[in-house]
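Participant: Quick one, data.tsv (TSV, C-alpha atoms and all ligand atoms):
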```
chain	number	residue	atom	x	y	z
A	1	MET	CA	-17.03	-261.18	40.61
A	2	GLN	CA	-17.93	-264.75	41.32
A	3	LEU	CA	-17.26	-267.86	39.30
A	4	GLY	CA	-19.56	-270.83	39.82
A	5	ILE	CA	-18.36	-274.35	39.05
A	6	ILE	CA	-21.20	-276.42	37.65
A	7	GLY	CA	-21.65	-279.88	36.19
A	8	LEU	CA	-23.26	-283.25	36.75
A	9	PRO	CA	-22.21	-285.21	39.87
A	10	MET	CA	-18.78	-286.88	39.93
A	11	VAL	CA	-17.23	-285.03	37.02
A	12	GLY	CA	-14.34	-283.47	38.95
A	13	LYS	CA	-15.85	-280.17	40.14
A	14	THR	CA	-14.56	-280.37	43.69
A	15	THR	CA	-11.13	-281.47	42.49
A	16	ILE	CA	-10.94	-278.43	40.21
A	17	TYR	CA	-12.29	-276.12	42.91
A	18	GLU	CA	-9.58	-277.30	45.28
A	19	LEU	CA	-6.92	-276.86	42.62
A	20	LEU	CA	-8.07	-273.33	41.81
A	21	THR	CA	-8.36	-272.14	45.39
A	22	GLY	CA	-5.88	-274.31	47.26
A	23	ASN	CA	-8.71	-275.07	49.72
A	24	LYS	CA	-9.32	-278.57	50.95
A	25	GLU	CA	-12.86	-278.63	52.28
A	26	GLY	CA	-13.50	-281.96	50.62
A	27	LYS	CA	-16.81	-283.15	49.23
A	28	LEU	CA	-19.79	-280.89	49.58
A	29	THR	CA	-22.35	-281.83	52.16
A	30	ALA	CA	-25.87	-282.06	50.80
A	31	GLY	CA	-27.42	-278.76	49.90
A	32	LYS	CA	-24.27	-276.71	50.55
A	33	THR	CA	-21.87	-274.69	48.45
A	34	ASN	CA	-18.22	-273.91	49.24
A	35	THR	CA	-16.66	-270.56	48.43
A	36	ALA	CA	-13.02	-269.46	48.35
A	37	MET	CA	-10.67	-267.11	46.53
A	38	ALA	CA	-8.61	-268.35	43.59
A	39	ARG	CA	-5.35	-266.66	42.76
A	40	ILE	CA	-4.93	-265.74	39.09
A	41	PRO	CA	-1.38	-266.77	38.18
A	42	ASP	CA	0.38	-264.06	36.19
A	43	ALA	CA	3.94	-264.20	34.87
A	44	ARG	CA	4.00	-260.39	34.79
A	45	VAL	CA	3.46	-260.24	38.54
A	46	ASP	CA	6.25	-262.80	38.97
A	47	PHE	CA	8.58	-260.59	36.93
A	48	LEU	CA	7.65	-257.36	38.74
A	49	SER	CA	8.13	-259.11	42.03
A	50	SER	CA	11.62	-260.27	41.04
A	51	LEU	CA	12.45	-256.72	39.89
A	52	PHE	CA	11.27	-254.80	42.97
A	53	ASN	CA	11.78	-257.49	45.55
A	54	PRO	CA	8.86	-256.17	47.63
A	55	ARG	CA	7.84	-257.23	51.11
A	56	ARG	CA	4.56	-258.42	49.68
A	57	THR	CA	3.38	-259.71	46.29
A	58	THR	CA	-0.34	-259.82	45.63
A	59	TYR	CA	-1.91	-261.58	42.66
A	60	ALA	CA	-5.33	-260.91	41.24
A	61	GLN	CA	-8.07	-263.06	42.72
A	62	LEU	CA	-11.45	-264.40	41.76
A	63	GLU	CA	-14.12	-265.77	44.04
A	64	VAL	CA	-14.94	-269.37	43.17
A	65	VAL	CA	-17.96	-271.38	44.29
A	66	ASP	CA	-18.21	-275.17	44.27
A	67	ILE	CA	-21.85	-275.80	43.43
A	68	PRO	CA	-23.39	-279.22	44.14
A	69	GLY	CA	-23.78	-281.40	41.06
A	70	LEU	CA	-27.12	-281.28	39.37
A	71	VAL	CA	-29.00	-284.54	39.38
A	72	PRO	CA	-31.33	-284.15	36.40
A	73	GLY	CA	-34.96	-284.64	37.28
A	74	GLU	CA	-34.39	-284.36	41.03
A	75	GLY	CA	-36.23	-281.26	42.17
A	76	LYS	CA	-34.50	-280.82	45.51
A	77	SER	CA	-30.97	-280.79	44.15
A	78	ALA	CA	-32.15	-278.43	41.43
A	79	SER	CA	-33.24	-275.61	43.75
A	80	VAL	CA	-29.88	-275.40	45.58
A	81	PHE	CA	-28.16	-275.66	42.23
A	82	LEU	CA	-30.23	-272.95	40.55
A	83	ASP	CA	-29.96	-270.53	43.48
A	84	ALA	CA	-26.18	-270.83	43.44
A	85	VAL	CA	-26.00	-270.48	39.66
A	86	ARG	CA	-28.12	-267.33	39.83
A	87	LYS	CA	-25.61	-265.67	42.14
A	88	ALA	CA	-22.59	-266.42	39.94
A	89	ASP	CA	-21.30	-263.90	37.39
A	90	ALA	CA	-19.81	-266.59	35.18
A	91	LEU	CA	-19.90	-270.37	34.99
A	92	LEU	CA	-17.17	-272.96	34.68
A	93	HIS	CA	-18.98	-275.97	33.28
A	94	VAL	CA	-17.05	-279.16	34.01
A	95	VAL	CA	-17.80	-282.09	31.71
A	96	ARG	CA	-16.54	-285.63	32.31
A	97	ALA	CA	-14.41	-286.98	29.50
A	98	PHE	CA	-12.51	-289.55	31.59
A	99	GLU	CA	-13.64	-293.13	32.12
A	100	ASP	CA	-13.80	-294.65	35.57
A	101	GLU	CA	-15.28	-297.71	37.23
A	102	ILE	CA	-18.14	-295.91	38.91
A	103	ASN	CA	-19.47	-293.82	36.04
A	104	GLY	CA	-18.43	-296.01	33.13
A	105	GLU	CA	-18.58	-294.85	29.56
A	106	ILE	CA	-18.40	-291.16	28.84
A	107	ASN	CA	-20.91	-288.98	27.05
A	108	PRO	CA	-19.47	-285.45	27.01
A	109	LEU	CA	-21.86	-284.13	24.38
A	110	GLY	CA	-24.95	-285.52	26.10
A	111	ASP	CA	-23.81	-284.41	29.56
A	112	PHE	CA	-23.08	-280.91	28.35
A	113	GLU	CA	-26.49	-280.64	26.78
A	114	THR	CA	-28.32	-282.18	29.76
A	115	LEU	CA	-27.02	-279.49	32.07
A	116	ASN	CA	-27.56	-276.67	29.59
A	117	TYR	CA	-31.08	-277.86	29.12
A	118	GLU	CA	-31.73	-277.44	32.86
A	119	LEU	CA	-30.48	-273.86	32.64
A	120	LEU	CA	-32.76	-273.23	29.65
A	121	LEU	CA	-35.74	-274.68	31.50
A	122	ALA	CA	-35.11	-272.51	34.54
A	123	ASP	CA	-35.09	-269.38	32.37
A	124	LEU	CA	-38.18	-270.52	30.52
A	125	ASP	CA	-39.95	-271.09	33.82
A	126	LEU	CA	-39.08	-267.58	34.98
A	127	ILE	CA	-40.30	-266.06	31.73
A	128	GLU	CA	-43.57	-267.93	31.66
A	129	LYS	CA	-44.38	-266.89	35.22
A	130	ARG	CA	-43.61	-263.28	34.42
A	131	ILE	CA	-45.74	-263.31	31.27
A	132	GLU	CA	-48.63	-264.70	33.26
A	133	ARG	CA	-48.24	-262.00	35.89
A	134	ILE	CA	-48.12	-259.22	33.31
A	135	ASN	CA	-51.21	-260.55	31.54
A	136	ALA	CA	-53.08	-260.49	34.82
A	137	ASN	CA	-51.91	-256.98	35.68
A	138	LYS	CA	-54.30	-254.01	35.34
A	139	LYS	CA	-51.43	-251.89	34.08
A	140	LYS	CA	-50.61	-254.36	31.35
A	141	ASN	CA	-50.75	-251.59	28.73
A	142	GLN	CA	-47.70	-249.97	30.29
A	143	MET	CA	-45.74	-253.19	30.06
A	144	LEU	CA	-46.20	-254.07	26.41
A	145	LYS	CA	-42.55	-253.54	25.56
A	146	GLU	CA	-41.49	-255.94	28.29
A	147	LEU	CA	-44.14	-258.42	27.26
A	148	ALA	CA	-42.95	-258.39	23.66
A	149	LEU	CA	-39.38	-258.90	24.81
A	150	LEU	CA	-40.37	-261.82	27.02
A	151	GLU	CA	-42.19	-263.45	24.11
A	152	LYS	CA	-39.09	-263.04	21.97
A	153	LEU	CA	-36.88	-264.57	24.67
A	154	LYS	CA	-39.33	-267.40	25.19
A	155	LYS	CA	-39.21	-268.24	21.51
A	156	ALA	CA	-35.42	-268.46	21.59
A	157	LEU	CA	-35.48	-270.78	24.60
A	158	GLU	CA	-38.08	-272.99	22.95
A	159	GLU	CA	-35.66	-273.36	20.06
A	160	GLU	CA	-33.06	-274.38	22.68
A	161	LYS	CA	-31.03	-271.22	22.15
A	162	PRO	CA	-29.49	-269.55	25.21
A	163	LEU	CA	-30.59	-265.98	25.94
A	164	SER	CA	-27.04	-264.79	25.36
A	165	SER	CA	-27.58	-265.53	21.66
A	166	VAL	CA	-30.58	-263.19	21.35
A	167	GLU	CA	-29.86	-259.76	19.87
A	168	LEU	CA	-31.22	-256.94	22.01
A	169	ASP	CA	-31.49	-253.19	21.58
A	170	GLU	CA	-30.54	-250.78	24.33
A	171	GLU	CA	-33.97	-250.62	25.93
A	172	GLU	CA	-34.29	-254.41	25.89
A	173	THR	CA	-30.83	-254.79	27.42
A	174	ALA	CA	-31.92	-252.51	30.26
A	175	ILE	CA	-35.11	-254.52	30.85
A	176	ILE	CA	-33.32	-257.86	30.85
A	177	GLN	CA	-30.94	-256.62	33.52
A	178	ASN	CA	-33.78	-256.70	36.03
A	179	TYR	CA	-33.98	-260.45	35.66
A	180	GLN	CA	-31.50	-262.99	36.92
A	181	PHE	CA	-31.35	-265.22	33.89
A	182	LEU	CA	-28.97	-268.15	33.76
A	183	THR	CA	-28.35	-268.60	30.05
A	184	THR	CA	-27.02	-265.04	29.74
A	185	LYS	CA	-24.02	-265.81	31.94
A	186	PRO	CA	-20.61	-266.15	30.32
A	187	MET	CA	-19.53	-269.79	30.29
A	188	LEU	CA	-16.25	-271.63	29.96
A	189	VAL	CA	-16.23	-275.38	29.47
A	190	CYS	CA	-13.63	-277.58	31.07
A	191	LEU	CA	-13.42	-281.05	29.55
A	192	ASN	CA	-11.99	-283.21	32.31
A	193	VAL	CA	-10.03	-285.73	30.27
A	194	ASP	CA	-8.06	-288.85	30.98
A	195	GLU	CA	-4.35	-288.10	31.28
A	196	LYS	CA	-3.75	-290.32	28.23
A	197	VAL	CA	-5.41	-287.62	26.13
A	198	LEU	CA	-2.63	-285.17	26.92
A	199	SER	CA	-0.15	-287.51	25.28
A	200	GLY	CA	-2.20	-287.81	22.11
A	201	SER	CA	-4.94	-290.37	22.80
A	202	ASP	CA	-8.53	-289.55	21.76
A	203	TYR	CA	-11.96	-289.94	23.41
A	204	LYS	CA	-15.54	-290.39	22.34
A	205	ASP	CA	-17.16	-287.40	20.62
A	206	ARG	CA	-14.10	-285.24	21.21
A	207	GLU	CA	-14.27	-283.52	17.85
A	208	LYS	CA	-18.05	-283.14	18.04
A	209	ILE	CA	-18.10	-281.39	21.38
A	210	ILE	CA	-15.17	-279.14	20.59
A	211	SER	CA	-16.68	-278.03	17.28
A	212	LEU	CA	-20.08	-277.52	18.93
A	213	LEU	CA	-18.48	-275.27	21.55
A	214	ASN	CA	-16.52	-273.36	18.93
A	215	HIS	CA	-19.73	-272.86	17.01
A	216	LYS	CA	-21.41	-271.49	20.14
A	217	HIS	CA	-18.38	-269.28	20.88
A	218	ILE	CA	-17.89	-270.96	24.24
A	219	PRO	CA	-14.20	-271.20	25.16
A	220	VAL	CA	-13.06	-274.69	26.07
A	221	VAL	CA	-10.07	-276.05	28.00
A	222	GLU	CA	-9.05	-279.71	28.21
A	223	VAL	CA	-7.66	-280.59	31.60
A	224	SER	CA	-6.93	-283.77	33.49
A	225	ALA	CA	-7.99	-282.88	37.02
A	226	HIS	CA	-6.42	-286.09	38.24
A	227	LEU	CA	-3.05	-285.25	36.75
A	228	GLU	CA	-3.30	-281.61	37.82
A	229	LYS	CA	-3.78	-282.79	41.35
A	230	GLU	CA	-0.62	-284.85	41.14
A	231	ILE	CA	1.26	-281.89	39.68
A	232	SER	CA	0.04	-279.61	42.46
A	233	GLU	CA	1.53	-281.95	45.06
A	234	LEU	CA	5.04	-281.83	43.54
A	235	SER	CA	7.85	-279.46	44.51
A	236	GLU	CA	8.57	-276.62	42.06
A	237	GLU	CA	11.58	-278.46	40.67
A	238	GLU	CA	9.77	-281.77	40.22
A	239	LYS	CA	6.85	-279.90	38.70
A	240	GLU	CA	9.00	-278.51	35.94
A	241	ILE	CA	10.56	-281.85	35.02
A	242	PHE	CA	7.22	-283.63	35.14
A	243	MET	CA	5.47	-281.09	32.94
A	244	GLN	CA	8.30	-281.18	30.42
A	245	GLU	CA	7.96	-284.95	30.23
A	246	MET	CA	4.22	-284.59	29.69
A	247	GLY	CA	4.79	-281.92	27.03
A	248	LEU	CA	2.89	-279.32	29.06
A	249	THR	CA	3.98	-275.67	29.09
A	250	GLU	CA	1.83	-274.74	32.06
A	251	PRO	CA	-0.64	-276.46	34.37
A	252	GLY	CA	-4.16	-276.63	32.93
A	253	ILE	CA	-5.50	-275.01	36.05
A	254	VAL	CA	-3.51	-271.86	35.21
A	255	LYS	CA	-5.14	-271.85	31.79
A	256	ILE	CA	-8.59	-272.12	33.38
A	257	ALA	CA	-7.96	-269.28	35.82
A	258	ARG	CA	-6.70	-267.02	33.06
A	259	SER	CA	-9.49	-267.85	30.59
A	260	MET	CA	-12.09	-267.22	33.28
A	261	TYR	CA	-10.63	-263.83	34.06
A	262	ALA	CA	-10.74	-262.89	30.38
A	263	ARG	CA	-14.22	-264.34	29.95
A	264	LEU	CA	-15.46	-262.06	32.70
A	265	GLY	CA	-14.05	-259.08	30.79
A	266	LEU	CA	-11.47	-258.44	33.50
A	267	ILE	CA	-7.99	-257.01	33.14
A	268	SER	CA	-5.21	-256.14	35.59
A	269	PHE	CA	-3.19	-253.03	36.23
A	270	PHE	CA	-0.20	-253.09	38.55
A	271	THR	CA	1.17	-250.95	41.33
A	272	VAL	CA	4.81	-251.47	42.21
A	273	GLY	CA	7.23	-250.53	44.93
A	274	GLU	CA	9.47	-251.84	47.68
A	275	ASP	CA	6.49	-252.38	49.90
A	276	GLU	CA	4.23	-254.24	47.55
A	277	VAL	CA	3.78	-255.41	43.97
A	278	LYS	CA	0.10	-255.83	43.37
A	279	ALA	CA	-2.28	-256.75	40.55
A	280	TRP	CA	-5.58	-254.87	40.68
A	281	THR	CA	-8.65	-256.19	38.93
A	282	ILE	CA	-10.79	-253.88	36.82
A	283	GLU	CA	-13.30	-254.32	34.03
A	284	LYS	CA	-12.12	-253.61	30.52
A	285	GLY	CA	-12.93	-249.98	29.65
A	286	THR	CA	-12.41	-248.58	33.18
A	287	THR	CA	-11.11	-244.99	33.37
A	288	ALA	CA	-8.00	-243.99	35.31
A	289	LYS	CA	-10.08	-242.16	37.91
A	290	LYS	CA	-12.32	-245.17	38.55
A	291	ALA	CA	-9.30	-247.47	38.64
A	292	ALA	CA	-7.79	-245.23	41.32
A	293	GLY	CA	-10.95	-245.83	43.34
A	294	LYS	CA	-10.13	-249.55	43.41
A	295	ILE	CA	-7.15	-248.68	45.58
A	296	HIS	CA	-8.88	-246.09	47.75
A	297	SER	CA	-11.87	-243.78	47.42
A	298	ASP	CA	-9.62	-240.88	48.57
A	299	ILE	CA	-7.34	-241.43	45.58
A	300	GLU	CA	-10.32	-241.36	43.25
A	301	ARG	CA	-11.72	-238.22	44.85
A	302	GLY	CA	-8.42	-236.33	44.84
A	303	PHE	CA	-7.25	-237.70	41.48
A	304	ILE	CA	-4.76	-235.44	39.67
A	305	ARG	CA	-2.88	-237.60	37.17
A	306	ALA	CA	-1.93	-241.20	36.52
A	307	GLU	CA	1.73	-241.89	35.82
A	308	VAL	CA	1.65	-244.85	33.47
A	309	ILE	CA	4.30	-247.27	32.19
A	310	ASP	CA	3.64	-250.10	29.74
A	311	TYR	CA	4.50	-253.44	31.23
A	312	GLN	CA	6.43	-254.38	28.10
A	313	ALA	CA	8.67	-251.29	28.35
A	314	LEU	CA	9.60	-252.05	31.94
A	315	TYR	CA	10.10	-255.71	31.11
A	316	GLU	CA	12.61	-254.81	28.40
A	317	LEU	CA	14.41	-251.96	30.16
A	318	LYS	CA	14.33	-253.47	33.64
A	319	SER	CA	14.19	-250.21	35.61
A	320	ILE	CA	11.84	-247.26	35.98
A	321	ALA	CA	14.78	-244.86	35.58
A	322	ALA	CA	15.62	-246.39	32.19
A	323	VAL	CA	11.96	-246.15	31.13
A	324	LYS	CA	11.86	-242.46	32.07
A	325	GLU	CA	15.11	-241.79	30.23
A	326	LYS	CA	13.66	-243.23	27.04
A	327	GLY	CA	10.58	-241.06	27.46
A	328	LEU	CA	8.29	-244.12	27.78
A	329	PHE	CA	6.65	-242.72	30.84
A	330	ARG	CA	3.22	-241.11	30.38
A	331	LEU	CA	1.01	-238.76	32.33
A	332	GLU	CA	-2.65	-239.55	31.78
A	333	GLY	CA	-5.80	-237.71	32.84
A	334	LYS	CA	-8.92	-238.97	34.59
A	335	ASP	CA	-10.64	-240.19	31.40
A	336	TYR	CA	-7.74	-242.33	30.23
A	337	ILE	CA	-8.91	-245.92	29.62
A	338	VAL	CA	-6.60	-248.20	31.58
A	339	LYS	CA	-5.02	-250.99	29.55
A	340	ASP	CA	-4.22	-254.52	30.65
A	341	GLY	CA	-0.69	-254.51	32.06
A	342	ASP	CA	-0.41	-250.77	32.77
A	343	ILE	CA	1.89	-250.02	35.68
A	344	ILE	CA	0.36	-247.02	37.41
A	345	HIS	CA	1.30	-244.53	40.07
A	346	PHE	CA	-1.56	-242.20	40.97
A	347	ARG	CA	-0.97	-238.58	41.96
A	348	PHE	CA	-3.74	-237.18	44.12
A	349	ASN	CA	-4.71	-234.37	46.50
A	350	VAL	CA	-5.43	-235.35	50.04
A	401	LIG	P1	-17.62	-283.70	41.72
A	401	LIG	O1	-18.65	-284.62	42.27
A	401	LIG	O2	-17.96	-283.26	40.34
A	401	LIG	O3	-17.25	-282.59	42.62
A	401	LIG	O4	-16.30	-284.59	41.48
A	401	LIG	P2	-15.01	-284.82	42.40
A	401	LIG	O5	-14.00	-283.77	42.12
A	401	LIG	O6	-15.41	-285.03	43.78
A	401	LIG	O7	-14.50	-286.17	41.74
A	401	LIG	C1	-15.31	-287.30	41.69
A	401	LIG	C2	-14.46	-288.52	41.57
A	401	LIG	O8	-13.85	-288.55	40.28
A	401	LIG	C3	-13.33	-288.57	42.58
A	401	LIG	O9	-13.20	-289.90	43.00
A	401	LIG	C4	-12.14	-288.09	41.79
A	401	LIG	O10	-10.94	-288.66	42.30
A	401	LIG	C5	-12.45	-288.63	40.40
A	401	LIG	N1	-11.82	-287.78	39.37
A	401	LIG	C6	-11.85	-286.45	39.28
A	401	LIG	N2	-11.16	-286.03	38.21
A	401	LIG	C7	-10.68	-287.14	37.60
A	401	LIG	C8	-9.88	-287.38	36.43
A	401	LIG	O11	-9.44	-286.45	35.72
A	401	LIG	N3	-9.61	-288.68	36.12
A	401	LIG	C9	-10.07	-289.71	36.87
A	401	LIG	N4	-9.77	-290.93	36.50
A	401	LIG	N5	-10.79	-289.53	37.98
A	401	LIG	C10	-11.11	-288.28	38.34
```
Go through the file and emit its structure as structure tokens.

Facilitator:
Amino acid sequence: MQLGIIGLPMVGKTTIYELLTGNKEGKLTAGKTNTAMARIPDARVDFLSSLFNPRRTTYAQLEVVDIPGLVPGEGKSASVFLDAVRKADALLHVVRAFEDEINGEINPLGDFETLNYELLLADLDLIEKRIERINANKKKNQMLKELALLEKLKKALEEEKPLSSVELDEEETAIIQNYQFLTTKPMLVCLNVDEKVLSGSDYKDREKIISLLNHKHIPVVEVSAHLEKEISELSEEEKEIFMQEMGLTEPGIVKIARSMYARLGLISFFTVGEDEVKAWTIEKGTTAKKAAGKIHSDIERGFIRAEVIDYQALYELKSIAAVKEKGLFRLEGKDYIVKDGDIIHFRFNV
């Protein structure tokens, strides 16, 4: 799973990329993207780690790509941009809501729409080319279903609606999967605000953009990348005091990482022991047998049973022995749908 960070130039993308991944590659060189893994902070992993005191603690991770800013109307920047966006599974759209000397006044609503418009145009372009090709094809009669679907999608785009808003039946969903559309990708918007905003100050069009995003069912997080960067440079102790003073319960970057994970439909199950406490990433709806395969294909193949404990039970009782005593320990079969926070030990034949 890959998360692409997109936005206009100079909105704070690289700053956020560095905060998410801890990497310091600096500004992108022309035509390049940077990729690194971001750790998904998780208080449950912290707790399990304090309980088992393992040699190693492993958090869930997501691959993050810093994509060069799109300069609207500039063809060359657009092709690098679009190629990178096509590869991403989800998009973190960073929008500038802070003023600075270089960029001047802010226009979050306009900026958001400018970039979305480019994504719409790219999809429209793809569709029009495909329609043309089908119309010229001798076997056109065998492709009428696809043609009708493309016309329907084209209409939506012409009304400036993203393809994710179009209702599709099963057959249409299967057809659309052969295309790499951009406006079908899950998106999360990060409004990069001035730190004043976190202590109650407002900015231009704040209400408008937030209600627009709510209306479109796009999750939104307000973050001050500038302030987050300062926080990230503090010691743990200083961090706590500073955040308390700012009235923050957790760094915004943690919120982004978590929202992205959820937006991608991902959940975590845990394995625990003296050796390692580890969060494993699976898609919602994954069966126990498939989840076992995340750890090793041998465990999936030889799957017998999953021994499952709810995170909450272990959190309250503080030991596996106590959980077993209370009968809160379950044996599940291969078709069990793993839940977020399950602590699992797999039994398998070698
Ligand atoms: P990118 O071009 O979108 O990758 O943006 P960068 O992360 O490189 O940031 C562009 C410039 O904006 C840099 O000079 C940053 O220091 C500055 N910047 C980023 N975030 C903030 C912010 O929240 N507040 C202010 N005032 N400046 C910021």

Participant: Go through A:Glu99, A:Asp83, A:Asp42, A:Glu74 one by one, measure the shortest atom-to-atom distance of each to ligand LIG 401 (chain A) using only C-alpha atoms and all ligand atoms, and give the residue with the smallest value.

Facilitator: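 Of all the options, A:Glu99 lies closest to ligand LIG 401 (chain A).
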
Participant: I'd like the contact shell of Glu151 (chain A) - 9 Å cut-off, all atoms listed in the file, skipping same-chain residues fewer than 5 positions apart - returned as a list in words.

Facilitator: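 The residues that qualify are Ile127, Glu128, Ile131, Glu146 and Ala156 of chain A.
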
Participant: May I ask you to write as a PyMOL selection string all residues lying at most 10 Å from ligand LIG 401 (chain A), with all atoms listed in the file counted?

Facilitator: chain A and resi 5-19+26-28+66-70+94-103+191-196+223-229

Participant: What is the CA of Leu317 (chain A)-CA of Val45 (chain A) distance in Å, reported with one decimal?

Facilitator: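 Between CA of Leu317 (chain A) and CA of Val45 (chain A) the gap works out to 16.1 Å.
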
Participant: To one decimal in Å, tell me the separation between CA of Thr183 (chain A) and CA of Leu153 (chain A).

Facilitator: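 Going from CA of Thr183 (chain A) over to CA of Leu153 (chain A), I get 10.9 Å.
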
Participant: CA of Val221 (chain A) to CA of Arg263 (chain A): how many Å, to one decimal?

Facilitator: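 Result for CA of Val221 (chain A) versus CA of Arg263 (chain A): 12.6 Å, one decimal.
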
Participant: Can you pull out every residue within 9 Å of Val189 (chain A), counting all atoms listed in the file, but drop anything in the same chain fewer than 3 positions away, and send it as a VMD selection string?

Facilitator: chain A and resid 91 to 95 112 213 218 to 222

Participant: If we count all atoms listed in the file and set the cut-off at 8 Å, which residues sit around Thr287 (chain A), ignoring sequence neighbours fewer than 2 positions away in its own chain? Please answer as a VMD selection string.

Facilitator: chain A and resid 285 289 to 291 334 to 338

Participant: Quick one: of A:Ala78, A:Val323, A:Ala43, A:Leu3, who's nearest to Glu250 (chain A), counting all atoms listed in the file?

Facilitator: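 The shortest atom-to-atom distance to Glu250 (chain A) comes from A:Ala43.
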
Participant: If you count only C-alpha atoms, which residues fall within 12 Å of Gly302 (chain A), apart from same-chain ones fewer than 4 positions away, as a list in words?

Facilitator: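 What passes the distance filter is Lys289, Lys290, Ala292, Gly293, His296, Ser297, Asp298, Ala306, Lys334, Phe346, Arg347, Phe348, Asn349 and Val350 of chain A.
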
Participant: For Pro186 (chain A), list every protein, DNA or RNA residue within 12 Å, evaluated using only C-alpha atoms, and leave out those in the same chain fewer than 4 positions away; present the list as a list in words.

Facilitator: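 Everything that qualifies: Met1, Gln2, Leu3, Gly4, Val85, Ala88, Asp89, Ala90, Leu91, Leu92, His93, Pro162, Leu163, Ser164, Ser165, Phe181, Leu182, Lys216, His217, Ile218, Pro219, Ser259, Met260, Tyr261, Ala262, Arg263, Leu264 and Gly265 of chain A.
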
Participant: Pick from A:Asp342, A:Leu188, A:Gly327, A:Arg55: nearest to Ile256 (chain A), with all atoms listed in the file counted?

Facilitator: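 Looking only at the distances to Ile256 (chain A), the closest residue turns out to be A:Leu188.
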
Participant: With distances taken over only C-alpha atoms, which of A:Ile282, A:Pro108, A:Tyr117, A:Leu144 is nearest to Cys190 (chain A)?

Facilitator: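 Closest candidate: A:Pro108.
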
Participant: Ranking A:Glu113, A:Leu147, A:Ala321, A:Lys294 by minimum distance to Lys129 (chain A) and counting all atoms listed in the file, which one comes first?

Facilitator: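 Among the listed residues, the smallest separation from Lys129 (chain A) belongs to A:Leu147.
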
Participant: Smallest atom-to-atom distance to Glu167 (chain A): which of A:Lys318, A:Lys152, A:Arg258, A:Lys24, using all atoms listed in the file?

Facilitator: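 Looking only at the distances to Glu167 (chain A), the closest residue turns out to be A:Lys152.
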
Participant: Would you fill out region 28-41 of chain A with N, CA and C atoms and return it as an mmCIF file, in the coordinates of the input?

Facilitator:
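part.cif, freshly written:
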```
data_model
loop_
_atom_site.group_PDB
_atom_site.id
_atom_site.type_symbol
_atom_site.label_atom_id
_atom_site.label_comp_id
_atom_site.auth_asym_id
_atom_site.auth_seq_id
_atom_site.Cartn_x
_atom_site.Cartn_y
_atom_site.Cartn_z
ATOM 1 N N LEU A 28 -18.723 -281.730 49.082
ATOM 2 C CA LEU A 28 -19.790 -280.890 49.580
ATOM 3 C C LEU A 28 -20.777 -281.727 50.382
ATOM 4 N N THR A 29 -21.256 -281.148 51.470
ATOM 5 C CA THR A 29 -22.350 -281.830 52.160
ATOM 6 C C THR A 29 -23.638 -281.412 51.459
ATOM 7 N N ALA A 30 -24.637 -282.263 51.576
ATOM 8 C CA ALA A 30 -25.870 -282.060 50.800
ATOM 9 C C ALA A 30 -26.418 -280.654 50.962
ATOM 10 N N GLY A 31 -26.769 -280.057 49.869
ATOM 11 C CA GLY A 31 -27.420 -278.760 49.900
ATOM 12 C C GLY A 31 -26.512 -277.584 50.202
ATOM 13 N N LYS A 32 -25.187 -277.802 50.215
ATOM 14 C CA LYS A 32 -24.270 -276.710 50.550
ATOM 15 C C LYS A 32 -23.399 -276.326 49.368
ATOM 16 N N THR A 33 -22.887 -275.088 49.412
ATOM 17 C CA THR A 33 -21.870 -274.690 48.450
ATOM 18 C C THR A 33 -20.619 -274.295 49.239
ATOM 19 N N ASN A 34 -19.456 -274.409 48.628
ATOM 20 C CA ASN A 34 -18.220 -273.910 49.240
ATOM 21 C C ASN A 34 -17.712 -272.733 48.418
ATOM 22 N N THR A 35 -17.164 -271.748 49.120
ATOM 23 C CA THR A 35 -16.660 -270.560 48.430
ATOM 24 C C THR A 35 -15.245 -270.247 48.910
ATOM 25 N N ALA A 36 -14.371 -269.877 47.969
ATOM 26 C CA ALA A 36 -13.020 -269.460 48.350
ATOM 27 C C ALA A 36 -12.431 -268.606 47.232
ATOM 28 N N MET A 37 -11.311 -267.953 47.526
ATOM 29 C CA MET A 37 -10.670 -267.110 46.530
ATOM 30 C C MET A 37 -9.641 -267.928 45.746
ATOM 31 N N ALA A 38 -9.623 -267.717 44.427
ATOM 32 C CA ALA A 38 -8.610 -268.350 43.590
ATOM 33 C C ALA A 38 -7.626 -267.286 43.135
ATOM 34 N N ARG A 39 -6.369 -267.587 43.222
ATOM 35 C CA ARG A 39 -5.350 -266.660 42.760
ATOM 36 C C ARG A 39 -5.225 -266.806 41.241
ATOM 37 N N ILE A 40 -5.119 -265.682 40.536
ATOM 38 C CA ILE A 40 -4.930 -265.740 39.090
ATOM 39 C C ILE A 40 -3.436 -265.664 38.800
ATOM 40 N N PRO A 41 -2.820 -266.785 38.427
ATOM 41 C CA PRO A 41 -1.380 -266.770 38.180
ATOM 42 C C PRO A 41 -1.059 -265.783 37.058
#
```
